[in-house]
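Have a look at final.csv; it's CSV, C-alpha atoms and all ligand atoms:
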```csv
chain,number,residue,atom,x,y,z
R,27,MET,CA,118.2,7.7,35.1
R,28,SER,CA,119.8,8.3,38.5
R,29,THR,CA,117.3,9.2,41.2
R,30,ASN,CA,119.7,8.9,44.1
R,31,ASN,CA,117.6,6.2,45.6
R,32,SER,CA,114.8,8.7,46.0
R,33,HIS,CA,112.3,7.8,48.7
R,34,VAL,CA,108.9,7.2,47.1
R,35,LEU,CA,105.9,6.6,49.2
R,36,VAL,CA,103.8,3.8,47.7
R,37,THR,CA,100.4,3.5,49.3
R,38,GLY,CA,98.8,0.1,48.6
R,39,GLY,CA,102.2,-1.3,47.8
R,40,ALA,CA,101.1,-4.9,48.8
R,41,GLY,CA,98.3,-4.9,46.2
R,42,PHE,CA,98.3,-6.4,42.7
R,43,ILE,CA,99.5,-3.4,40.7
R,44,GLY,CA,101.4,-1.8,43.7
R,45,SER,CA,103.5,-4.9,44.4
R,46,HIS,CA,104.4,-5.4,40.7
R,47,SER,CA,105.4,-1.7,40.5
R,48,LEU,CA,107.7,-2.1,43.5
R,49,ILE,CA,109.9,-4.4,41.3
R,50,SER,CA,110.1,-1.9,38.5
R,51,LEU,CA,110.8,0.9,40.9
R,52,ILE,CA,113.6,-0.9,42.6
R,53,ASN,CA,115.1,-2.0,39.3
R,54,ASN,CA,115.2,1.6,38.3
R,55,ASP,CA,117.0,2.8,41.5
R,56,TYR,CA,114.0,4.2,43.3
R,57,ASN,CA,113.6,3.4,47.0
R,58,PRO,CA,109.9,2.6,47.6
R,59,ILE,CA,108.5,2.8,51.2
R,60,ILE,CA,105.1,1.2,51.6
R,61,ILE,CA,101.9,2.0,53.5
R,62,ASP,CA,99.2,-0.7,53.2
R,63,ASN,CA,96.5,-1.8,55.7
R,64,LEU,CA,96.6,-5.3,54.2
R,65,SER,CA,92.8,-5.3,53.9
R,66,ASN,CA,92.9,-7.0,50.5
R,67,SER,CA,96.6,-8.1,50.5
R,68,SER,CA,99.2,-9.9,52.4
R,69,ILE,CA,102.6,-9.2,54.0
R,70,LYS,CA,103.7,-12.4,52.1
R,71,THR,CA,103.5,-10.4,48.9
R,72,ILE,CA,106.0,-7.8,50.2
R,73,HIS,CA,108.3,-10.6,51.4
R,74,ALA,CA,108.1,-12.1,47.9
R,75,VAL,CA,109.0,-8.8,46.3
R,76,GLU,CA,112.0,-8.6,48.7
R,77,LYS,CA,113.1,-12.0,47.5
R,78,ILE,CA,112.7,-11.1,43.8
R,79,THR,CA,114.6,-7.8,44.2
R,80,SER,CA,117.1,-9.0,46.9
R,81,ARG,CA,116.2,-5.8,48.8
R,82,GLU,CA,114.6,-5.0,52.2
R,83,ILE,CA,111.5,-2.8,51.8
R,84,LYS,CA,110.3,-0.5,54.6
R,85,PHE,CA,106.7,-1.1,55.3
R,86,TYR,CA,104.0,0.5,57.5
R,87,LYS,CA,100.8,-1.4,58.2
R,88,LEU,CA,98.5,1.6,58.3
R,89,ASN,CA,95.0,2.7,57.3
R,90,LEU,CA,95.2,6.0,55.4
R,91,LEU,CA,92.1,7.2,57.4
R,92,ASN,CA,94.3,7.3,60.5
R,93,PHE,CA,95.5,10.8,60.1
R,94,ASN,CA,97.8,10.9,63.1
R,95,GLU,CA,99.6,7.7,62.3
R,96,LEU,CA,99.9,8.9,58.7
R,97,GLU,CA,101.5,12.1,59.8
R,98,LYS,CA,104.1,10.2,61.8
R,99,VAL,CA,105.1,8.3,58.6
R,100,PHE,CA,105.6,11.6,56.8
R,101,LYS,CA,107.5,13.1,59.7
R,102,ASP,CA,109.8,10.1,59.9
R,103,ASN,CA,110.6,9.9,56.1
R,104,ASP,CA,111.8,12.4,53.6
R,105,PHE,CA,109.5,11.5,50.7
R,106,SER,CA,110.4,12.9,47.2
R,107,SER,CA,107.1,11.7,45.7
R,108,VAL,CA,104.0,9.6,46.2
R,109,ILE,CA,102.4,6.8,44.1
R,110,HIS,CA,98.9,6.4,45.5
R,111,PHE,CA,97.5,2.9,44.7
R,112,ALA,CA,95.6,2.3,47.9
R,113,GLY,CA,91.8,1.9,47.4
R,114,PHE,CA,89.0,-0.5,47.3
R,115,LYS,CA,88.5,-1.9,43.8
R,116,SER,CA,85.6,-4.2,43.5
R,117,VAL,CA,82.9,-2.8,41.3
R,118,GLY,CA,80.2,-5.1,42.7
R,119,ASP,CA,81.0,-4.3,46.3
R,120,SER,CA,81.0,-0.6,45.5
R,121,VAL,CA,77.4,-0.9,44.3
R,122,ASN,CA,76.4,-2.5,47.6
R,123,TYR,CA,78.6,-0.5,50.0
R,124,PRO,CA,78.9,3.0,48.3
R,125,LEU,CA,79.6,4.9,51.6
R,126,LEU,CA,82.4,2.5,52.4
R,127,TYR,CA,83.9,3.0,49.0
R,128,PHE,CA,83.6,6.8,48.9
R,129,ARG,CA,84.9,7.2,52.5
R,130,ASN,CA,87.9,4.9,52.0
R,131,ASN,CA,88.9,5.9,48.5
R,132,ILE,CA,88.2,9.6,48.7
R,133,GLN,CA,89.0,10.4,52.4
R,134,GLY,CA,92.1,8.2,52.2
R,135,THR,CA,93.4,10.3,49.2
R,136,ILE,CA,92.6,13.6,50.8
R,137,ASN,CA,94.6,12.6,53.9
R,138,VAL,CA,97.6,11.7,51.8
R,139,LEU,CA,97.3,15.0,49.8
R,140,ASP,CA,97.0,16.9,53.1
R,141,MET,CA,100.3,15.4,54.2
R,142,CYS,CA,101.9,16.2,50.9
R,143,ASN,CA,100.9,19.8,51.5
R,144,ARG,CA,102.3,19.8,55.0
R,145,TYR,CA,105.6,18.1,54.2
R,146,GLY,CA,106.3,19.8,50.8
R,147,VAL,CA,105.8,16.8,48.5
R,148,SER,CA,104.5,17.9,45.1
R,149,LYS,CA,105.1,14.9,42.8
R,150,PHE,CA,102.1,12.7,42.9
R,151,ILE,CA,101.0,9.7,40.8
R,152,PHE,CA,97.4,8.5,41.1
R,153,SER,CA,96.1,5.0,40.3
R,154,SER,CA,93.1,5.9,38.2
R,155,SER,CA,91.1,3.5,36.0
R,156,ALA,CA,89.7,3.3,32.5
R,157,SER,CA,86.4,2.7,34.2
R,158,VAL,CA,86.1,6.6,34.4
R,159,TYR,CA,85.2,6.4,30.6
R,160,GLY,CA,82.3,4.0,31.7
R,161,ASN,CA,79.5,4.1,29.2
R,162,ASN,CA,81.6,5.8,26.5
R,163,GLU,CA,82.2,3.5,23.6
R,164,SER,CA,83.8,5.9,21.1
R,165,VAL,CA,87.0,3.7,20.9
R,166,PRO,CA,89.9,4.2,21.0
R,167,LEU,CA,89.4,6.2,24.2
R,168,LYS,CA,91.4,9.3,24.4
R,169,GLU,CA,92.2,11.2,27.6
R,170,ASP,CA,89.8,14.0,26.6
R,171,SER,CA,87.0,11.6,25.7
R,172,GLU,CA,83.8,12.0,27.7
R,173,LEU,CA,83.8,10.5,31.2
R,174,LEU,CA,80.6,8.5,32.0
R,175,PRO,CA,81.4,6.4,35.1
R,176,LEU,CA,78.9,3.6,35.8
R,177,SER,CA,79.6,2.4,39.3
R,178,PRO,CA,80.4,4.0,42.7
R,179,TYR,CA,83.9,2.6,42.3
R,180,ALA,CA,84.4,4.4,39.0
R,181,TYR,CA,82.8,7.6,40.4
R,182,SER,CA,85.3,7.4,43.3
R,183,LYS,CA,88.2,7.4,40.8
R,184,LEU,CA,86.6,10.3,38.9
R,185,ILE,CA,86.0,12.3,42.0
R,186,ILE,CA,89.6,11.9,43.0
R,187,GLU,CA,90.7,13.0,39.6
R,188,ASN,CA,88.6,16.1,40.0
R,189,ILE,CA,90.1,16.7,43.5
R,190,LEU,CA,93.6,16.5,42.0
R,191,THR,CA,92.7,18.8,39.1
R,192,SER,CA,91.2,21.3,41.5
R,193,LEU,CA,94.2,21.2,43.7
R,194,SER,CA,96.5,21.9,40.8
R,195,ASN,CA,94.2,24.7,39.5
R,196,SER,CA,94.1,26.2,43.0
R,197,ASN,CA,97.8,26.7,42.7
R,198,ASN,CA,97.8,28.0,46.3
R,199,GLU,CA,96.4,25.4,48.6
R,200,SER,CA,99.2,26.3,51.1
R,201,SER,CA,101.4,29.2,50.6
R,202,SER,CA,102.9,28.9,47.1
R,203,LYS,CA,102.6,25.3,46.4
R,204,ASN,CA,102.7,23.8,42.9
R,205,TRP,CA,101.9,20.2,42.0
R,206,GLN,CA,103.2,17.9,39.4
R,207,ILE,CA,100.5,15.2,39.1
R,208,ILE,CA,100.0,12.3,36.8
R,209,MET,CA,96.8,10.3,36.9
R,210,LEU,CA,97.2,6.9,35.2
R,211,ARG,CA,94.1,5.4,33.7
R,212,TYR,CA,94.6,1.7,33.6
R,213,PHE,CA,92.8,-0.5,31.1
R,214,ASN,CA,92.5,-4.2,32.0
R,215,PRO,CA,95.6,-5.4,33.8
R,216,ILE,CA,96.3,-9.2,33.7
R,217,GLY,CA,99.4,-11.4,34.0
R,218,ALA,CA,102.0,-11.5,36.8
R,219,HIS,CA,105.7,-11.1,37.4
R,220,GLU,CA,107.5,-13.9,35.4
R,221,SER,CA,108.8,-15.4,38.7
R,222,GLY,CA,105.3,-16.4,39.6
R,223,LEU,CA,106.0,-15.4,43.2
R,224,ILE,CA,103.4,-12.6,43.2
R,225,SER,CA,100.0,-12.3,41.5
R,226,GLU,CA,96.5,-10.9,41.7
R,227,LYS,CA,94.6,-12.0,44.7
R,228,VAL,CA,91.6,-13.8,43.4
R,229,PRO,CA,88.5,-13.2,45.4
R,230,ASN,CA,86.3,-16.1,46.5
R,231,VAL,CA,83.7,-15.0,43.9
R,232,PRO,CA,85.8,-13.5,41.1
R,233,SER,CA,84.1,-11.2,38.6
R,234,ASN,CA,86.9,-10.3,36.2
R,235,ILE,CA,87.5,-12.5,33.2
R,236,MET,CA,91.1,-13.6,33.8
R,237,PRO,CA,90.7,-14.9,37.3
R,238,LEU,CA,87.6,-16.8,36.1
R,239,ILE,CA,89.5,-18.4,33.2
R,240,LEU,CA,92.2,-19.4,35.7
R,241,ARG,CA,89.6,-21.0,37.9
R,242,VAL,CA,88.2,-23.0,35.0
R,243,ALA,CA,91.6,-24.0,33.8
R,244,SER,CA,92.5,-25.4,37.2
R,245,GLY,CA,89.3,-27.3,37.4
R,246,GLU,CA,87.9,-25.3,40.3
R,247,MET,CA,85.0,-24.2,38.1
R,248,ASN,CA,83.3,-26.2,35.4
R,249,LYS,CA,82.5,-23.5,32.9
R,250,LEU,CA,83.0,-19.9,32.0
R,251,SER,CA,79.9,-17.8,31.3
R,252,ILE,CA,80.5,-15.4,28.5
R,253,PHE,CA,78.3,-12.3,29.0
R,254,GLY,CA,76.7,-11.8,25.6
R,255,ASP,CA,77.7,-12.5,22.0
R,256,ASP,CA,75.6,-9.8,20.4
R,257,TYR,CA,77.8,-6.8,20.8
R,258,GLU,CA,78.9,-5.0,17.7
R,259,THR,CA,82.4,-6.6,17.7
R,260,LYS,CA,84.1,-9.0,15.4
R,261,ASP,CA,82.6,-12.1,17.1
R,262,GLY,CA,79.9,-10.5,19.2
R,263,THR,CA,81.7,-10.8,22.5
R,264,GLY,CA,83.1,-7.9,24.5
R,265,VAL,CA,86.4,-6.2,23.5
R,266,ARG,CA,88.9,-5.1,26.2
R,267,ASP,CA,92.4,-3.7,26.2
R,268,TYR,CA,94.3,-6.3,28.3
R,269,ILE,CA,97.7,-5.1,29.5
R,270,HIS,CA,100.5,-7.1,31.2
R,271,VAL,CA,100.8,-5.9,34.8
R,272,MET,CA,104.6,-5.6,34.4
R,273,ASP,CA,104.1,-3.2,31.5
R,274,LEU,CA,101.8,-1.2,33.8
R,275,ALA,CA,104.4,-1.3,36.5
R,276,ASP,CA,107.0,0.1,34.0
R,277,GLY,CA,104.5,2.8,33.1
R,278,HIS,CA,104.7,4.1,36.7
R,279,VAL,CA,108.5,4.3,36.5
R,280,ALA,CA,108.1,6.3,33.2
R,281,ALA,CA,105.6,8.6,34.9
R,282,LEU,CA,107.9,9.1,37.9
R,283,ASN,CA,110.9,9.7,35.7
R,284,ASN,CA,108.9,12.3,34.0
R,285,LEU,CA,108.0,14.0,37.3
R,286,PHE,CA,111.7,14.0,38.3
R,287,LEU,CA,112.6,15.8,35.1
R,288,THR,CA,110.1,18.5,36.0
R,289,ALA,CA,111.0,21.3,38.3
R,290,ASP,CA,109.0,21.6,41.6
R,291,LYS,CA,107.9,25.1,40.6
R,292,GLU,CA,106.0,23.7,37.6
R,293,ASN,CA,102.3,23.1,38.0
R,294,PHE,CA,100.2,20.5,36.1
R,295,CYS,CA,97.8,17.6,36.5
R,296,LYS,CA,97.5,15.2,33.6
R,297,ALA,CA,95.5,12.1,32.9
R,298,ILE,CA,97.3,9.4,30.8
R,299,ASN,CA,95.9,6.1,29.5
R,300,LEU,CA,98.0,3.0,30.2
R,301,GLY,CA,96.9,0.3,27.8
R,302,THR,CA,98.3,-1.5,24.7
R,303,GLY,CA,95.9,0.2,22.3
R,304,GLU,CA,94.8,-3.2,21.1
R,305,GLY,CA,91.6,-5.0,21.9
R,306,TYR,CA,90.8,-8.7,22.3
R,307,THR,CA,87.3,-10.2,22.4
R,308,VAL,CA,86.4,-12.6,25.2
R,309,LEU,CA,86.4,-15.5,22.7
R,310,GLU,CA,89.9,-14.4,21.4
R,311,LEU,CA,91.2,-14.3,25.0
R,312,ILE,CA,89.9,-17.9,25.6
R,313,LYS,CA,91.3,-19.2,22.3
R,314,ASN,CA,94.7,-17.7,23.1
R,315,PHE,CA,94.6,-19.3,26.6
R,316,ILE,CA,93.8,-22.7,25.1
R,317,LYS,CA,96.5,-22.2,22.4
R,318,TYR,CA,99.3,-21.3,24.8
R,319,THR,CA,98.5,-23.5,27.8
R,320,GLY,CA,96.9,-26.5,26.0
R,321,ILE,CA,94.1,-26.5,28.5
R,322,GLU,CA,90.5,-26.5,27.4
R,323,ILE,CA,88.2,-23.8,28.7
R,324,PRO,CA,84.5,-24.9,28.4
R,325,TYR,CA,82.1,-21.9,28.2
R,326,LYS,CA,78.5,-21.1,27.6
R,327,ILE,CA,77.0,-17.8,26.2
R,328,VAL,CA,74.7,-16.1,28.7
R,329,ASP,CA,72.9,-12.8,28.8
R,330,ARG,CA,74.9,-9.5,28.9
R,331,ARG,CA,76.1,-8.3,32.3
R,332,SER,CA,74.4,-5.2,33.4
R,333,GLY,CA,76.7,-2.2,33.2
R,334,ASP,CA,79.0,-3.8,30.6
R,335,ILE,CA,79.8,-2.1,27.3
R,336,GLY,CA,80.8,-3.7,24.0
R,337,SER,CA,84.3,-2.2,23.4
R,338,SER,CA,86.9,-0.5,25.5
R,339,PHE,CA,90.4,0.1,24.4
R,340,ALA,CA,92.9,2.9,24.7
R,341,ASN,CA,94.4,5.5,22.4
R,342,VAL,CA,98.0,5.3,23.7
R,343,GLU,CA,99.5,8.2,21.8
R,344,TYR,CA,99.8,10.5,24.7
R,345,ALA,CA,101.6,7.9,26.9
R,346,LYS,CA,104.0,7.3,24.0
R,347,ASN,CA,104.7,11.0,23.4
R,348,PHE,CA,104.7,12.3,26.9
R,349,LEU,CA,106.1,9.4,28.9
R,350,GLN,CA,108.1,7.7,26.1
R,351,TRP,CA,106.5,4.5,27.3
R,352,GLU,CA,104.6,1.8,25.5
R,353,ALA,CA,103.5,-1.7,26.5
R,354,LYS,CA,105.9,-4.4,25.3
R,355,ARG,CA,104.5,-7.7,26.4
R,356,ASP,CA,102.1,-9.7,24.2
R,357,ILE,CA,99.0,-11.7,24.9
R,358,LYS,CA,101.1,-14.9,25.2
R,359,SER,CA,103.2,-13.6,28.1
R,360,MET,CA,100.1,-12.1,29.8
R,361,ILE,CA,98.4,-15.6,29.7
R,362,LEU,CA,101.4,-17.7,30.5
R,363,ASP,CA,102.6,-15.5,33.4
R,364,ALA,CA,99.1,-15.4,34.8
R,365,TRP,CA,98.7,-19.1,34.6
R,366,ASN,CA,102.2,-19.8,36.0
R,367,ALA,CA,101.6,-17.5,39.0
R,368,TYR,CA,98.2,-19.0,39.6
R,369,LYS,CA,99.6,-22.5,39.7
R,370,TYR,CA,102.4,-21.4,42.0
R,371,GLN,CA,100.0,-19.8,44.5
R,372,ARG,CA,97.9,-23.0,44.7
R,373,GLU,CA,100.9,-25.3,45.3
R,401,LIG,C1,85.7,-4.5,35.2
R,401,LIG,C2,85.0,-3.4,35.9
R,401,LIG,C3,85.8,-2.1,35.8
R,401,LIG,C4,87.2,-2.4,36.4
R,401,LIG,C5,87.9,-3.5,35.7
R,401,LIG,C6,89.2,-3.9,36.3
R,401,LIG,C7,82.6,-3.9,35.7
R,401,LIG,C8,81.3,-3.6,35.0
R,401,LIG,N1,83.7,-3.2,35.3
R,401,LIG,O1,85.9,-4.1,33.8
R,401,LIG,O2,85.2,-1.1,36.4
R,401,LIG,O3,88.0,-1.2,36.2
R,401,LIG,O4,87.0,-4.7,35.7
R,401,LIG,O5,89.9,-4.8,35.5
R,401,LIG,O6,82.7,-4.9,36.5
R,401,LIG,N2,83.3,-11.3,31.0
R,401,LIG,C9,82.6,-12.5,30.6
R,401,LIG,N3,82.3,-13.4,31.6
R,401,LIG,C10,82.7,-13.2,32.9
R,401,LIG,C11,83.4,-12.1,33.2
R,401,LIG,C12,83.7,-11.1,32.2
R,401,LIG,O7,82.2,-12.7,29.5
R,401,LIG,O8,82.5,-14.1,33.7
R,401,LIG,C13,83.6,-10.4,29.9
R,401,LIG,C14,83.0,-9.0,30.2
R,401,LIG,O9,81.7,-8.9,29.7
R,401,LIG,C15,83.9,-8.1,29.4
R,401,LIG,C16,85.3,-8.8,29.6
R,401,LIG,O10,85.0,-10.2,29.9
R,401,LIG,O11,83.6,-8.0,28.1
R,401,LIG,C17,86.2,-8.3,30.7
R,401,LIG,O12,85.4,-8.3,31.9
R,401,LIG,P1,86.1,-7.9,33.3
R,401,LIG,O13,87.4,-8.6,33.5
R,401,LIG,O14,85.1,-8.0,34.3
R,401,LIG,O15,86.6,-6.3,33.1
R,401,LIG,P2,85.7,-5.1,32.7
R,401,LIG,O16,84.3,-5.4,32.5
R,401,LIG,O17,86.4,-4.4,31.5
```
Now, as a test, write the supplied structure out as structure tokens.
Amino acid sequence: MSTNNSHVLVTGGAGFIGSHSLISLINNDYNPIIIDNLSNSSIKTIHAVEKITSREIKFYKLNLLNFNELEKVFKDNDFSSVIHFAGFKSVGDSVNYPLLYFRNNIQGTINVLDMCNRYGVSKFIFSSSASVYGNNESVPLKEDSELLPLSPYAYSKLIIENILTSLSNSNNESSSKNWQIIMLRYFNPIGAHESGLISEKVPNVPSNIMPLILRVASGEMNKLSIFGDDYETKDGTGVRDYIHVMDLADGHVAALNNLFLTADKENFCKAINLGTGEGYTVLELIKNFIKYTGIEIPYKIVDRRSGDIGSSFANVEYAKNFLQWEAKRDIKSMILDAWNAYKYQRE
């Protein structure tokens, strides 16, 4: 669809999902403009996206808590819409530094929303997370399933969802403003762009499964620990809905297209799951990794991780019906693209 190179503010555009989404946005004629404080990302990622897309991307290194500087960015640009990715995302850190997480994620979002109000931007996409379902195991998880977040990180996502819903319900935050808001609840994003030029930044002490498998595959770690094999799943190990990050990126374009089909006078705020709808156990993920890369992944079974649940996967009907979007890439490309990008980053 033609969007006349619409200027889309992308906060957190240098991060894992943000940077991959830039590629999909540019390929679909949007003109993303980035704000990122590079606290957990690098300017190199933006340069890599420029290389992949043969396009220069306007970038502001800025902390969203800096209200005055943020206002300058809104003053200098005519944004049609916002995709708000920026936020801290480590579950473990959020347990140890809750104030940091709540201040950064919640106040940062409020500042962006305040600017949207001041500068008449009503189309807003929020990077939410399946972690808002938390302790709810009635899979497949639907958008109206009970929300039982387990960590400060997940709470920060739920609080922001509530702020967005309240804003849309208020219908009158400033004069006669209406909002068109989509909150995307991501399941477990893995993989990377097929070029291998950008990928997830792996922390020194990873906690998510894919970065750990990559570490073991590269020989940086000896063994993977599988957290429990006594869940009520087909082989006893945890089930998750892994989704290729480029499918997730395309999901943002579908959401934005939808908002552009919607008149500014309409008012809504919807949560939508982005997953494949299919679950894989930890053992299945490892077996597939071995099958497609030919690399052995030694593992041992250890106790369950506290705060983990047995099964989490999405009901994806709403995304299919409302966004006309569904995940296309299979587990093989998730694994091979992740491995390819990991090897490239280490060269
Ligand atoms: C975790 C977060 C979640 C966040 C998501 C981002 C927790 C409790 N939850 O979800 O809030 O949104 O990452 O992708 O941290 N596993 C092992 N061994 C490991 C690591 C993981 O067996 O060393 C298993 C887990 O038990 C789980 C699966 O692998 O069954 C996936 O784990 P992980 O990648 O950490 O994602 P989630 O727990 O789903």
Practice problem: Return as number ranges by chain the residues of protein, DNA or RNA that approach ligand LIG 401 (chain R) to within 9 Å, with all atoms listed in the file taken into account. | Solution: R: 115-118, 154-158, 160, 175-177, 179-180, 212-216, 232-239, 250-255, 263-268, 307-309, 311, 327-328, 330-338
Quiz prompt | Contacts of R:Lys149 within 7 Å, only C-alpha atoms, excl. fewer than 4 positions in-chain, as a list in words | solution =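 Here the qualifying residues turn out to be Ser107, Val108, Trp205, Gln206, Ile207 and Leu285 of chain R.
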Quiz prompt | Between atom CA of R:Tyr56 and atom CA of R:Asn130, distance in Å (one decimal) | solution =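 Computing it gives 27.5 Å between the two atoms.
Distances from R:Val34, R:Ile136, R:Leu274, R:Ala281 to R:Ile52 were compared using only C-alpha atoms, and the smallest one belongs to R:Val34.
If all atoms listed in the file are the atoms counted, then among R:Lys183, R:His73, R:Lys296, R:His219 the closest residue to R:Trp365 is R:His219.
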